[in-house]
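What's in structure15.pdb: PDB, C-alpha atoms, pLDDT in the B column
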```
ATOM      1  CA  ILE G   1     -61.257  22.736   3.667  1.00 59.00           C
ATOM      2  CA  PHE G   2     -58.263  24.759   4.797  1.00 63.00           C
ATOM      3  CA  LEU G   3     -57.714  25.205   8.485  1.00 72.00           C
ATOM      4  CA  PHE G   4     -55.589  28.112   9.634  1.00 74.00           C
ATOM      5  CA  ASP G   5     -54.082  28.573  13.060  1.00 79.00           C
ATOM      6  CA  VAL G   6     -55.175  32.110  13.847  1.00 84.00           C
ATOM      7  CA  ASN G   7     -53.916  32.075  17.435  1.00 87.00           C
ATOM      8  CA  PHE G   8     -50.657  33.817  16.467  1.00 87.00           C
ATOM      9  CA  SER G   9     -51.248  34.861  12.880  1.00 90.00           C
ATOM     10  CA  GLY G  10     -53.386  37.560  11.412  1.00 91.00           C
ATOM     11  CA  SER G  11     -53.497  40.395   8.956  1.00 93.00           C
ATOM     12  CA  THR G  12     -54.340  43.985   8.374  1.00 95.00           C
ATOM     13  CA  CYS G  13     -57.173  44.983   6.061  1.00 96.00           C
ATOM     14  CA  LEU G  14     -57.545  48.319   4.309  1.00 97.00           C
ATOM     15  CA  ILE G  15     -60.394  48.900   1.871  1.00 97.00           C
ATOM     16  CA  LEU G  16     -61.066  52.053  -0.128  1.00 96.00           C
ATOM     17  CA  PHE G  17     -64.259  52.543  -2.067  1.00 95.00           C
ATOM     18  CA  GLN G  18     -65.921  55.453  -3.780  1.00 95.00           C
ATOM     19  CA  ILE G  19     -69.527  56.505  -3.373  1.00 96.00           C
ATOM     20  CA  GLY G  20     -70.268  59.453  -5.614  1.00 95.00           C
ATOM     21  CA  LYS G  21     -67.880  62.248  -4.638  1.00 95.00           C
ATOM     22  CA  PHE G  22     -66.805  60.530  -1.416  1.00 96.00           C
ATOM     23  CA  LEU G  23     -63.961  58.157  -0.765  1.00 96.00           C
ATOM     24  CA  ILE G  24     -64.563  55.793   2.156  1.00 97.00           C
ATOM     25  CA  CYS G  25     -61.639  54.122   3.934  1.00 98.00           C
ATOM     26  CA  SER G  26     -62.149  51.111   6.204  1.00 98.00           C
ATOM     27  CA  ASN G  27     -58.983  50.140   8.061  1.00 97.00           C
ATOM     28  CA  VAL G  28     -57.957  47.420  10.499  1.00 98.00           C
ATOM     29  CA  GLY G  29     -54.274  47.500  11.464  1.00 96.00           C
ATOM     30  CA  ASP G  30     -51.265  49.429  10.274  1.00 94.00           C
ATOM     31  CA  SER G  31     -51.505  49.414   6.508  1.00 95.00           C
ATOM     32  CA  ARG G  32     -51.901  52.957   5.214  1.00 96.00           C
ATOM     33  CA  ALA G  33     -53.623  54.901   2.441  1.00 97.00           C
ATOM     34  CA  ILE G  34     -52.774  58.452   1.453  1.00 97.00           C
ATOM     35  CA  MET G  35     -54.098  60.800  -1.202  1.00 96.00           C
ATOM     36  CA  ILE G  36     -51.768  63.155  -3.022  1.00 94.00           C
ATOM     37  CA  LYS G  37     -53.439  66.357  -4.154  1.00 94.00           C
ATOM     38  CA  GLU G  38     -52.177  69.258  -6.248  1.00 90.00           C
ATOM     39  CA  ASN G  39     -49.053  70.969  -4.901  1.00 87.00           C
ATOM     40  CA  ASN G  40     -48.026  67.682  -3.208  1.00 87.00           C
ATOM     41  CA  GLU G  41     -50.568  68.127  -0.422  1.00 93.00           C
ATOM     42  CA  ILE G  42     -50.867  64.846   1.501  1.00 95.00           C
ATOM     43  CA  VAL G  43     -54.171  63.669   2.957  1.00 96.00           C
ATOM     44  CA  GLU G  44     -53.985  60.667   5.271  1.00 96.00           C
ATOM     45  CA  LEU G  45     -56.955  58.463   4.426  1.00 97.00           C
ATOM     46  CA  SER G  46     -56.263  55.995   7.222  1.00 97.00           C
ATOM     47  CA  LYS G  47     -54.733  56.069  10.661  1.00 95.00           C
ATOM     48  CA  ASP G  48     -52.120  53.513  11.724  1.00 95.00           C
ATOM     49  CA  GLN G  49     -53.567  51.588  14.636  1.00 97.00           C
ATOM     50  CA  LYS G  50     -50.629  51.167  16.983  1.00 96.00           C
ATOM     51  CA  PRO G  51     -50.516  50.207  20.672  1.00 96.00           C
ATOM     52  CA  GLU G  52     -48.943  53.517  21.679  1.00 94.00           C
ATOM     53  CA  ASP G  53     -52.000  55.478  20.413  1.00 96.00           C
ATOM     54  CA  TYR G  54     -53.732  56.784  23.544  1.00 96.00           C
ATOM     55  CA  ASN G  55     -57.227  55.356  22.945  1.00 96.00           C
ATOM     56  CA  GLU G  56     -55.888  52.035  21.687  1.00 97.00           C
ATOM     57  CA  LYS G  57     -53.551  51.799  24.698  1.00 97.00           C
ATOM     58  CA  ILE G  58     -56.385  52.427  27.175  1.00 97.00           C
ATOM     59  CA  ARG G  59     -58.486  49.614  25.651  1.00 97.00           C
ATOM     60  CA  ILE G  60     -55.606  47.140  25.586  1.00 97.00           C
ATOM     61  CA  GLU G  61     -54.483  47.845  29.152  1.00 97.00           C
ATOM     62  CA  LYS G  62     -58.091  47.601  30.379  1.00 97.00           C
ATOM     63  CA  MET G  63     -58.210  44.081  28.863  1.00 97.00           C
ATOM     64  CA  GLY G  64     -54.962  43.096  30.603  1.00 96.00           C
ATOM     65  CA  GLY G  65     -52.533  43.549  27.721  1.00 97.00           C
ATOM     66  CA  ILE G  66     -49.049  44.887  28.421  1.00 96.00           C
ATOM     67  CA  ILE G  67     -47.531  47.435  26.045  1.00 95.00           C
ATOM     68  CA  SER G  68     -43.769  47.840  25.876  1.00 91.00           C
ATOM     69  CA  GLN G  69     -40.999  48.172  23.372  1.00 86.00           C
ATOM     70  CA  CYS G  70     -39.096  45.166  22.133  1.00 74.00           C
ATOM     71  CA  ASN G  71     -35.807  44.538  23.756  1.00 65.00           C
ATOM     72  CA  ASP G  72     -34.033  45.088  20.460  1.00 62.00           C
ATOM     73  CA  LEU G  73     -30.528  46.420  21.005  1.00 56.00           C
ATOM     74  CA  TYR G  74     -29.287  48.932  18.480  1.00 60.00           C
ATOM     75  CA  ASP G  75     -25.719  49.759  17.439  1.00 61.00           C
ATOM     76  CA  ASP G  76     -25.606  52.494  20.074  1.00 65.00           C
ATOM     77  CA  GLY G  77     -26.510  49.978  22.798  1.00 62.00           C
ATOM     78  CA  LYS G  78     -29.939  51.469  23.452  1.00 67.00           C
ATOM     79  CA  ILE G  79     -33.052  49.351  23.767  1.00 67.00           C
ATOM     80  CA  GLY G  80     -35.821  50.272  21.361  1.00 70.00           C
ATOM     81  CA  GLY G  81     -37.920  48.939  18.553  1.00 77.00           C
ATOM     82  CA  PRO G  82     -41.643  49.234  18.018  1.00 84.00           C
ATOM     83  CA  PHE G  83     -44.132  49.142  20.861  1.00 91.00           C
ATOM     84  CA  ARG G  84     -45.769  45.736  21.050  1.00 93.00           C
ATOM     85  CA  ILE G  85     -48.599  44.060  22.922  1.00 95.00           C
ATOM     86  CA  TRP G  86     -47.817  41.166  25.264  1.00 95.00           C
ATOM     87  CA  VAL G  87     -49.685  38.774  27.533  1.00 95.00           C
ATOM     88  CA  LYS G  88     -48.702  39.728  31.089  1.00 95.00           C
ATOM     89  CA  GLY G  89     -45.733  37.646  32.227  1.00 93.00           C
ATOM     90  CA  HIS G  90     -45.114  36.125  28.778  1.00 93.00           C
ATOM     91  CA  ASP G  91     -43.069  36.885  25.681  1.00 89.00           C
ATOM     92  CA  TYR G  92     -45.992  36.564  23.271  1.00 91.00           C
ATOM     93  CA  PRO G  93     -47.792  37.576  21.075  1.00 92.00           C
ATOM     94  CA  GLY G  94     -45.594  40.648  20.541  1.00 91.00           C
ATOM     95  CA  ILE G  95     -47.998  42.181  18.029  1.00 93.00           C
ATOM     96  CA  ALA G  96     -47.084  45.695  16.851  1.00 92.00           C
ATOM     97  CA  MET G  97     -50.582  46.840  15.884  1.00 95.00           C
ATOM     98  CA  SER G  98     -53.641  47.346  18.036  1.00 97.00           C
ATOM     99  CA  ARG G  99     -56.212  46.058  15.525  1.00 98.00           C
ATOM    100  CA  SER G 100     -56.014  42.992  13.324  1.00 96.00           C
ATOM    101  CA  ILE G 101     -57.976  40.204  11.706  1.00 95.00           C
ATOM    102  CA  GLY G 102     -56.985  36.886  13.274  1.00 91.00           C
ATOM    103  CA  ASP G 103     -54.402  36.976  16.083  1.00 93.00           C
ATOM    104  CA  LYS G 104     -56.829  35.290  18.505  1.00 94.00           C
ATOM    105  CA  ILE G 105     -54.416  35.391  21.472  1.00 95.00           C
ATOM    106  CA  ALA G 106     -53.972  39.144  20.984  1.00 96.00           C
ATOM    107  CA  HIS G 107     -57.755  39.594  20.832  1.00 95.00           C
ATOM    108  CA  ASP G 108     -57.954  38.111  24.322  1.00 95.00           C
ATOM    109  CA  ILE G 109     -55.880  41.080  25.583  1.00 97.00           C
ATOM    110  CA  GLY G 110     -57.557  43.979  23.792  1.00 96.00           C
ATOM    111  CA  VAL G 111     -56.619  43.813  20.113  1.00 97.00           C
ATOM    112  CA  ILE G 112     -59.818  44.167  18.082  1.00 97.00           C
ATOM    113  CA  SER G 113     -60.849  43.629  14.468  1.00 96.00           C
ATOM    114  CA  GLU G 114     -63.347  46.501  14.347  1.00 97.00           C
ATOM    115  CA  PRO G 115     -62.396  48.792  11.460  1.00 97.00           C
ATOM    116  CA  GLU G 116     -61.985  52.512  11.726  1.00 97.00           C
ATOM    117  CA  ILE G 117     -64.062  54.091   8.947  1.00 97.00           C
ATOM    118  CA  LEU G 118     -63.234  57.540   7.606  1.00 97.00           C
ATOM    119  CA  SER G 119     -64.687  59.439   4.649  1.00 96.00           C
ATOM    120  CA  PHE G 120     -63.239  62.159   2.430  1.00 96.00           C
ATOM    121  CA  LYS G 121     -64.738  64.369  -0.244  1.00 95.00           C
ATOM    122  CA  ILE G 122     -63.074  63.986  -3.621  1.00 94.00           C
ATOM    123  CA  ASP G 123     -62.419  67.144  -5.625  1.00 94.00           C
ATOM    124  CA  ASP G 124     -60.550  68.154  -8.783  1.00 93.00           C
ATOM    125  CA  LYS G 125     -57.294  68.559  -6.806  1.00 93.00           C
ATOM    126  CA  CYS G 126     -57.078  64.817  -5.997  1.00 93.00           C
ATOM    127  CA  GLN G 127     -54.376  63.225  -8.121  1.00 90.00           C
ATOM    128  CA  LEU G 128     -53.120  59.927  -6.674  1.00 92.00           C
ATOM    129  CA  LEU G 129     -53.978  57.276  -4.123  1.00 94.00           C
ATOM    130  CA  ILE G 130     -51.152  55.312  -2.536  1.00 94.00           C
ATOM    131  CA  ILE G 131     -51.953  52.198  -0.496  1.00 95.00           C
ATOM    132  CA  GLY G 132     -49.321  50.081   1.225  1.00 93.00           C
ATOM    133  CA  SER G 133     -48.618  47.824   4.150  1.00 92.00           C
ATOM    134  CA  ASP G 134     -46.514  48.876   7.122  1.00 89.00           C
ATOM    135  CA  GLY G 135     -43.508  47.367   5.355  1.00 86.00           C
ATOM    136  CA  ILE G 136     -43.624  50.320   2.955  1.00 90.00           C
ATOM    137  CA  TRP G 137     -44.403  52.993   5.540  1.00 90.00           C
ATOM    138  CA  GLN G 138     -41.968  51.900   8.256  1.00 86.00           C
ATOM    139  CA  TYR G 139     -39.105  53.973   6.816  1.00 83.00           C
ATOM    140  CA  ILE G 140     -40.752  56.073   4.092  1.00 89.00           C
ATOM    141  CA  LYS G 141     -42.656  59.159   5.200  1.00 93.00           C
ATOM    142  CA  ASN G 142     -45.881  60.174   3.473  1.00 94.00           C
ATOM    143  CA  GLU G 143     -44.281  63.326   2.073  1.00 94.00           C
ATOM    144  CA  ASP G 144     -41.357  61.330   0.604  1.00 92.00           C
ATOM    145  CA  VAL G 145     -43.516  59.143  -1.655  1.00 92.00           C
ATOM    146  CA  PHE G 146     -44.353  61.636  -4.399  1.00 91.00           C
ATOM    147  CA  PRO G 147     -40.737  62.658  -5.112  1.00 92.00           C
ATOM    148  CA  ILE G 148     -39.865  58.945  -5.422  1.00 92.00           C
ATOM    149  CA  ILE G 149     -42.590  58.207  -7.970  1.00 90.00           C
ATOM    150  CA  LYS G 150     -42.878  61.561  -9.778  1.00 90.00           C
ATOM    151  CA  PRO G 151     -40.734  60.606 -12.825  1.00 92.00           C
ATOM    152  CA  PHE G 152     -42.762  57.432 -13.349  1.00 91.00           C
ATOM    153  CA  ILE G 153     -46.096  59.204 -12.945  1.00 87.00           C
ATOM    154  CA  GLU G 154     -45.065  61.793 -15.542  1.00 88.00           C
ATOM    155  CA  GLU G 155     -44.372  58.851 -17.907  1.00 91.00           C
ATOM    156  CA  LYS G 156     -47.720  57.284 -16.868  1.00 91.00           C
ATOM    157  CA  ASN G 157     -45.812  54.177 -15.769  1.00 92.00           C
ATOM    158  CA  VAL G 158     -47.622  53.101 -12.603  1.00 92.00           C
ATOM    159  CA  GLU G 159     -45.973  49.672 -12.511  1.00 94.00           C
ATOM    160  CA  ASN G 160     -42.466  51.167 -12.315  1.00 93.00           C
ATOM    161  CA  ALA G 161     -43.660  53.733  -9.759  1.00 93.00           C
ATOM    162  CA  VAL G 162     -44.786  50.884  -7.506  1.00 92.00           C
ATOM    163  CA  LYS G 163     -41.528  48.987  -8.067  1.00 94.00           C
ATOM    164  CA  GLU G 164     -39.536  52.093  -7.117  1.00 93.00           C
ATOM    165  CA  ILE G 165     -41.449  52.551  -3.855  1.00 92.00           C
ATOM    166  CA  ILE G 166     -40.783  48.909  -2.988  1.00 89.00           C
ATOM    167  CA  ARG G 167     -37.114  49.212  -3.991  1.00 91.00           C
ATOM    168  CA  LYS G 168     -36.563  52.342  -1.870  1.00 91.00           C
ATOM    169  CA  SER G 169     -38.396  50.819   1.076  1.00 88.00           C
ATOM    170  CA  SER G 170     -36.417  47.572   0.872  1.00 85.00           C
ATOM    171  CA  LEU G 171     -33.096  49.404   0.668  1.00 87.00           C
ATOM    172  CA  THR G 172     -33.935  51.380   3.777  1.00 82.00           C
ATOM    173  CA  TRP G 173     -34.980  48.223   5.631  1.00 77.00           C
ATOM    174  CA  PHE G 174     -31.633  46.580   4.800  1.00 75.00           C
ATOM    175  CA  GLN G 175     -29.769  49.668   6.054  1.00 78.00           C
ATOM    176  CA  LYS G 176     -31.669  49.887   9.350  1.00 73.00           C
ATOM    177  CA  ASP G 177     -32.695  46.330  10.136  1.00 69.00           C
ATOM    178  CA  GLU G 178     -31.687  42.751   9.351  1.00 65.00           C
ATOM    179  CA  ASN G 179     -35.187  41.753   8.267  1.00 64.00           C
ATOM    180  CA  VAL G 180     -37.489  43.246   5.633  1.00 60.00           C
ATOM    181  CA  ASP G 181     -41.174  43.342   6.562  1.00 64.00           C
ATOM    182  CA  ASP G 182     -43.683  42.421   3.822  1.00 62.00           C
TER     183      ASP G 182
END
```
Would you write the structure of this file as structure tokens?
Amino acid sequence: IFLFDVNFSGSTCLILFQIGKFLICSNVGDSRAIMIKENNEIVELSKDQKPEDYNEKIRIEKMGGIISQCNDLYDDGKIGGPFRIWVKGHDYPGIAMSRSIGDKIAHDIGVISEPEILSFKIDDKCQLLIIGSDGIWQYIKNEDVFPIIKPFIEEKNVENAVKEIIRKSSLTWFQKDENVDD
């Protein structure tokens, strides 16, 4: 038997499944799925669940959670960073998403594990599905993904397309931050 300390650790969970002509997305956290259709049209299949989202913020504050930015100092001397959830009067848990699996301490102050479920009709214009954790999406915009992977998709080389997204994301992390997420 494995025992995990879930007080300060947790995960996101994003599941896509197809039922007939419908694609169903179940999401907990800040991983993201997008669909790329003809003419590079982007359809967001999931919504990042962040503490600054109005409805998420209301729930968290009602449960006693405090939402504020990290006290990260940037080169220009300004304080910033992602909004995080804290126990009032403490410097923990500092979670940057409003829904997660695990993270028991955060669940005591309004973080929930209930998924948001969205459905989308699939048609002939649907070409690609891209699924990634927040480590990919932190510095790469939805509309920037297809130009990055287009040469590999034309060659039908999905593995190299994925590697290129990870490479571009990692490079951007190193340029903007000392740590690479995921």
How close does region 83-167 of chain G get to region 63-66 of chain G? List, as a Markdown table, each residue of region 83-167 of chain G within 9 Å, its nearest atom pair and the distance in Å to one decimal, counting all atoms listed in the file.
```
| residue | atom | partner | partner_atom | distance |
| --- | --- | --- | --- | --- |
| G:Arg84 | CA | G:Ile66 | CA | 8.1 |
| G:Ile85 | CA | G:Ile66 | CA | 5.6 |
| G:Trp86 | CA | G:Ile66 | CA | 5.0 |
| G:Val87 | CA | G:Gly65 | CA | 5.6 |
| G:Lys88 | CA | G:Ile66 | CA | 5.8 |
| G:Gly89 | CA | G:Ile66 | CA | 8.8 |
| G:Ala106 | CA | G:Gly65 | CA | 8.2 |
| G:Asp108 | CA | G:Met63 | CA | 7.5 |
| G:Ile109 | CA | G:Gly65 | CA | 4.7 |
| G:Gly110 | CA | G:Met63 | CA | 5.1 |
| G:Val111 | CA | G:Gly65 | CA | 8.6 |
```
Can you build me a table of region 80-130 of chain G residues sitting at most 12 Å from region 140-147 of chain G, with the closest atom pair per residue and its distance in Å to one decimal, using only C-alpha atoms, sorted by chain and residue number, as a tab-separated table?
```
residue	atom	partner	partner_atom	distance
G:Gln127	CA	G:Phe146	CA	10.8
G:Leu128	CA	G:Phe146	CA	9.2
G:Leu129	CA	G:Phe146	CA	10.6
G:Ile130	CA	G:Val145	CA	8.6
```
Quick one: apply the PyMOL selection byres ((chain G and resi 10) around 6) to the file and drop the selected residues here as a CSV table (one decimal) with C-alpha atoms, keeping the file's coordinate frame.
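In the end it all went to selection-v8.csv:
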```csv
chain,number,residue,atom,x,y,z
G,9,SER,CA,-51.2,34.9,12.9
G,11,SER,CA,-53.5,40.4,9.0
G,101,ILE,CA,-58.0,40.2,11.7
G,102,GLY,CA,-57.0,36.9,13.3
G,103,ASP,CA,-54.4,37.0,16.1
```
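The residue set within 12 Å of Asn160 (chain G), counting all atoms listed in the file and dropping same-chain residues fewer than 5 places from it, reads Ile148, Ile149, Lys150, Pro151, Phe152, Ile153, Glu154, Glu155, Ile165, Ile166 and Arg167 of chain G.
Residue neighbourhood of Asp53 (chain G), excluding near-sequence residues (fewer than 5 positions): Asp48, Ile58 and Ser98 of chain G, at 9 Å, using all atoms listed in the file.
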Let me make sure I understand: among G:Ser31, G:Thr12, G:Gln175, G:Ser46, which one has the smallest atom-to-atom distance to Ser113 (chain G) if we use all atoms listed in the file? G:Thr12
Rounded to one decimal in Å, what is the spacing between CA of Asp123 (chain G) and CA of Ala33 (chain G)? 17.1 Å
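Between CA of Phe4 (chain G) and CA of Tyr92 (chain G) lies a distance of 18.7 Å.
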Expected selection from the PyMOL selection byres ((chain G and resi 97) around 7), given as JSON, numbers by chain: {"G": [29, 30, 49, 50, 51, 95, 96, 98, 99]}
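Going from CA of Ile19 (chain G) to CA of Ile112 (chain G) covers 26.6 Å.
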Where is the centre and how long are the edges: axis-aligned box on region 164-173 of chain G, 5 Å on each side, Å to one decimal, as AutoDock Vina command-line options:
```
--center_x -37.3 --center_y 50.1 --center_z -0.7 --size_x 18.4 --size_y 15.0 --size_z 22.7
```
Of G:Asp134, G:Lys47, G:Glu116, G:Tyr54, the one nearest to Pro82 (chain G) when counting all atoms listed in the file is G:Asp134
Contacts of Phe17 (chain G) at 12 Å or less, counting all atoms listed in the file, minus same-chain residues fewer than 2 places along, as a list of chain:residue names? G:Leu14, G:Ile15, G:Ile19, G:Gly20, G:Lys21, G:Phe22, G:Leu23, G:Ile24, G:Cys25, G:Ser26, G:Asn27, G:Ala33, G:Leu45, G:Ile117, G:Leu118, G:Ser119, G:Phe120, G:Lys121, G:Ile122, G:Leu129
When distances are computed from only C-alpha atoms, which of G:Ile105, G:Ile67, G:Val43, G:Leu171 shows the smallest separation from Asp5 (chain G)? G:Ile105
Could you write out as number ranges by chain the residues that the PyMOL selection byres ((chain G and resi 125) around 6) matches in the shown file? G: 37-38, 123-124, 126
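Nearest to Met35 (chain G) of all the residues G:Lys62, G:Asn157, G:Lys176, G:Leu16 is G:Leu16, counting only C-alpha atoms.
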Saved region 162-175 of chain G from the preceding structure, N, CA, C and O atoms, as a PDB file, in the first residue's frame:
```
ATOM      1  N   VAL G 162       4.933  17.301 -30.829  1.00  0.00           N
ATOM      2  CA  VAL G 162       4.846  17.389 -29.369  1.00  0.00           C
ATOM      3  C   VAL G 162       6.180  17.862 -28.792  1.00  0.00           C
ATOM      4  O   VAL G 162       6.227  18.751 -27.928  1.00  0.00           O
ATOM      5  N   LYS G 163       7.269  17.288 -29.266  1.00  0.00           N
ATOM      6  CA  LYS G 163       8.600  17.701 -28.788  1.00  0.00           C
ATOM      7  C   LYS G 163       8.849  19.183 -29.045  1.00  0.00           C
ATOM      8  O   LYS G 163       9.459  19.867 -28.227  1.00  0.00           O
ATOM      9  N   GLU G 164       8.382  19.687 -30.174  1.00  0.00           N
ATOM     10  CA  GLU G 164       8.602  21.101 -30.507  1.00  0.00           C
ATOM     11  C   GLU G 164       7.788  22.022 -29.592  1.00  0.00           C
ATOM     12  O   GLU G 164       8.271  23.070 -29.178  1.00  0.00           O
ATOM     13  N   ILE G 165       6.569  21.616 -29.268  1.00  0.00           N
ATOM     14  CA  ILE G 165       5.775  22.417 -28.320  1.00  0.00           C
ATOM     15  C   ILE G 165       6.487  22.464 -26.972  1.00  0.00           C
ATOM     16  O   ILE G 165       6.621  23.531 -26.357  1.00  0.00           O
ATOM     17  N   ILE G 166       6.978  21.340 -26.513  1.00  0.00           N
ATOM     18  CA  ILE G 166       7.679  21.283 -25.229  1.00  0.00           C
ATOM     19  C   ILE G 166       8.967  22.102 -25.292  1.00  0.00           C
ATOM     20  O   ILE G 166       9.292  22.853 -24.360  1.00  0.00           O
ATOM     21  N   ARG G 167       9.693  22.007 -26.384  1.00  0.00           N
ATOM     22  CA  ARG G 167      10.940  22.764 -26.544  1.00  0.00           C
ATOM     23  C   ARG G 167      10.678  24.262 -26.494  1.00  0.00           C
ATOM     24  O   ARG G 167      11.328  24.999 -25.760  1.00  0.00           O
ATOM     25  N   LYS G 168       9.684  24.718 -27.265  1.00  0.00           N
ATOM     26  CA  LYS G 168       9.356  26.157 -27.298  1.00  0.00           C
ATOM     27  C   LYS G 168       8.895  26.636 -25.931  1.00  0.00           C
ATOM     28  O   LYS G 168       9.274  27.707 -25.469  1.00  0.00           O
ATOM     29  N   SER G 169       8.061  25.837 -25.278  1.00  0.00           N
ATOM     30  CA  SER G 169       7.572  26.206 -23.955  1.00  0.00           C
ATOM     31  C   SER G 169       8.722  26.301 -22.964  1.00  0.00           C
ATOM     32  O   SER G 169       8.822  27.271 -22.196  1.00  0.00           O
ATOM     33  N   SER G 170       9.603  25.321 -22.966  1.00  0.00           N
ATOM     34  CA  SER G 170      10.739  25.310 -22.039  1.00  0.00           C
ATOM     35  C   SER G 170      11.653  26.501 -22.268  1.00  0.00           C
ATOM     36  O   SER G 170      12.113  27.137 -21.315  1.00  0.00           O
ATOM     37  N   LEU G 171      11.934  26.815 -23.521  1.00  0.00           N
ATOM     38  CA  LEU G 171      12.781  27.969 -23.823  1.00  0.00           C
ATOM     39  C   LEU G 171      12.186  29.253 -23.260  1.00  0.00           C
ATOM     40  O   LEU G 171      12.895  30.085 -22.690  1.00  0.00           O
ATOM     41  N   THR G 172      10.889  29.412 -23.420  1.00  0.00           N
ATOM     42  CA  THR G 172      10.232  30.608 -22.923  1.00  0.00           C
ATOM     43  C   THR G 172      10.268  30.653 -21.402  1.00  0.00           C
ATOM     44  O   THR G 172      10.477  31.715 -20.809  1.00  0.00           O
ATOM     45  N   TRP G 173      10.075  29.514 -20.752  1.00  0.00           N
ATOM     46  CA  TRP G 173      10.175  29.465 -19.291  1.00  0.00           C
ATOM     47  C   TRP G 173      11.552  29.941 -18.853  1.00  0.00           C
ATOM     48  O   TRP G 173      11.681  30.745 -17.929  1.00  0.00           O
ATOM     49  N   PHE G 174      12.607  29.424 -19.481  1.00  0.00           N
ATOM     50  CA  PHE G 174      13.975  29.795 -19.087  1.00  0.00           C
ATOM     51  C   PHE G 174      14.234  31.284 -19.295  1.00  0.00           C
ATOM     52  O   PHE G 174      15.005  31.888 -18.558  1.00  0.00           O
ATOM     53  N   GLN G 175      13.599  31.882 -20.304  1.00  0.00           N
ATOM     54  CA  GLN G 175      13.782  33.311 -20.566  1.00  0.00           C
ATOM     55  C   GLN G 175      13.053  34.176 -19.543  1.00  0.00           C
ATOM     56  O   GLN G 175      13.497  35.260 -19.207  1.00  0.00           O
TER      57      GLN G 175
END
```
